[in-house]
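Heads up, the thing below is written out as structure tokens.
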Amino acid sequence: MRTLGIEELPEALGALPERISEAAHAALGLDGVVALARTLCPMDTGALASSIRVERAGPLEASLVAGGNGHTNPRTGRVIDYAAAVHDGTSTRPPRPFITQAILIESDTVAHAVLEGVEP
């Protein structure tokens, strides 16, 4: 981190919104979170893990999702529609919250990436 002189302050403050937007956009790629969620995901065929991805809903909004979107289980040939049942559990199976765990573990890393991108 570098210290700004008083004469540099107006320019730095003026650039701050754009820098925050760019840093957040880069951090919302969530590559580390996706990789960790895939590692934490219960494995059988690996289809559920390979379906984990980021879907962008706007410039500063992203969702980590699994299943659907044309991803199929190679054993059954069916669309992966069981991500929620695995993640949240069912009446007969306990939850295995691989996405939530990945987000919680990596949240500091994402926040630091945004802060580093904002520094002048």
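Labeling convention for the structure tokens: chains A, B, ... as they appear, residues from 1 per chain, ligands from 1 in order of appearance.
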* Please identify all polymer residues within 10 Å of A:Arg38, counting only C-alpha atoms, omitting same-chain residues fewer than 2 positions from it, and present them as a PyMOL selection string. => chain A and resi 32-36+40-43+46+48-53+66+98-99+102
* **Residue among A:Ala83, A:Glu18, A:Ala47, A:His112 lying closest to A:Arg96, counting only C-alpha atoms** => A:Ala83
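Near A:Thr72, within 9 Å and counting only C-alpha atoms, sit A:Ala47, A:Leu48, A:Ser51, A:Gly67, A:Gly68, A:Thr76, A:Gly77, A:Arg78, A:Val79, A:Ile80, A:Asp81, not including residues fewer than 4 positions from it in the same chain.
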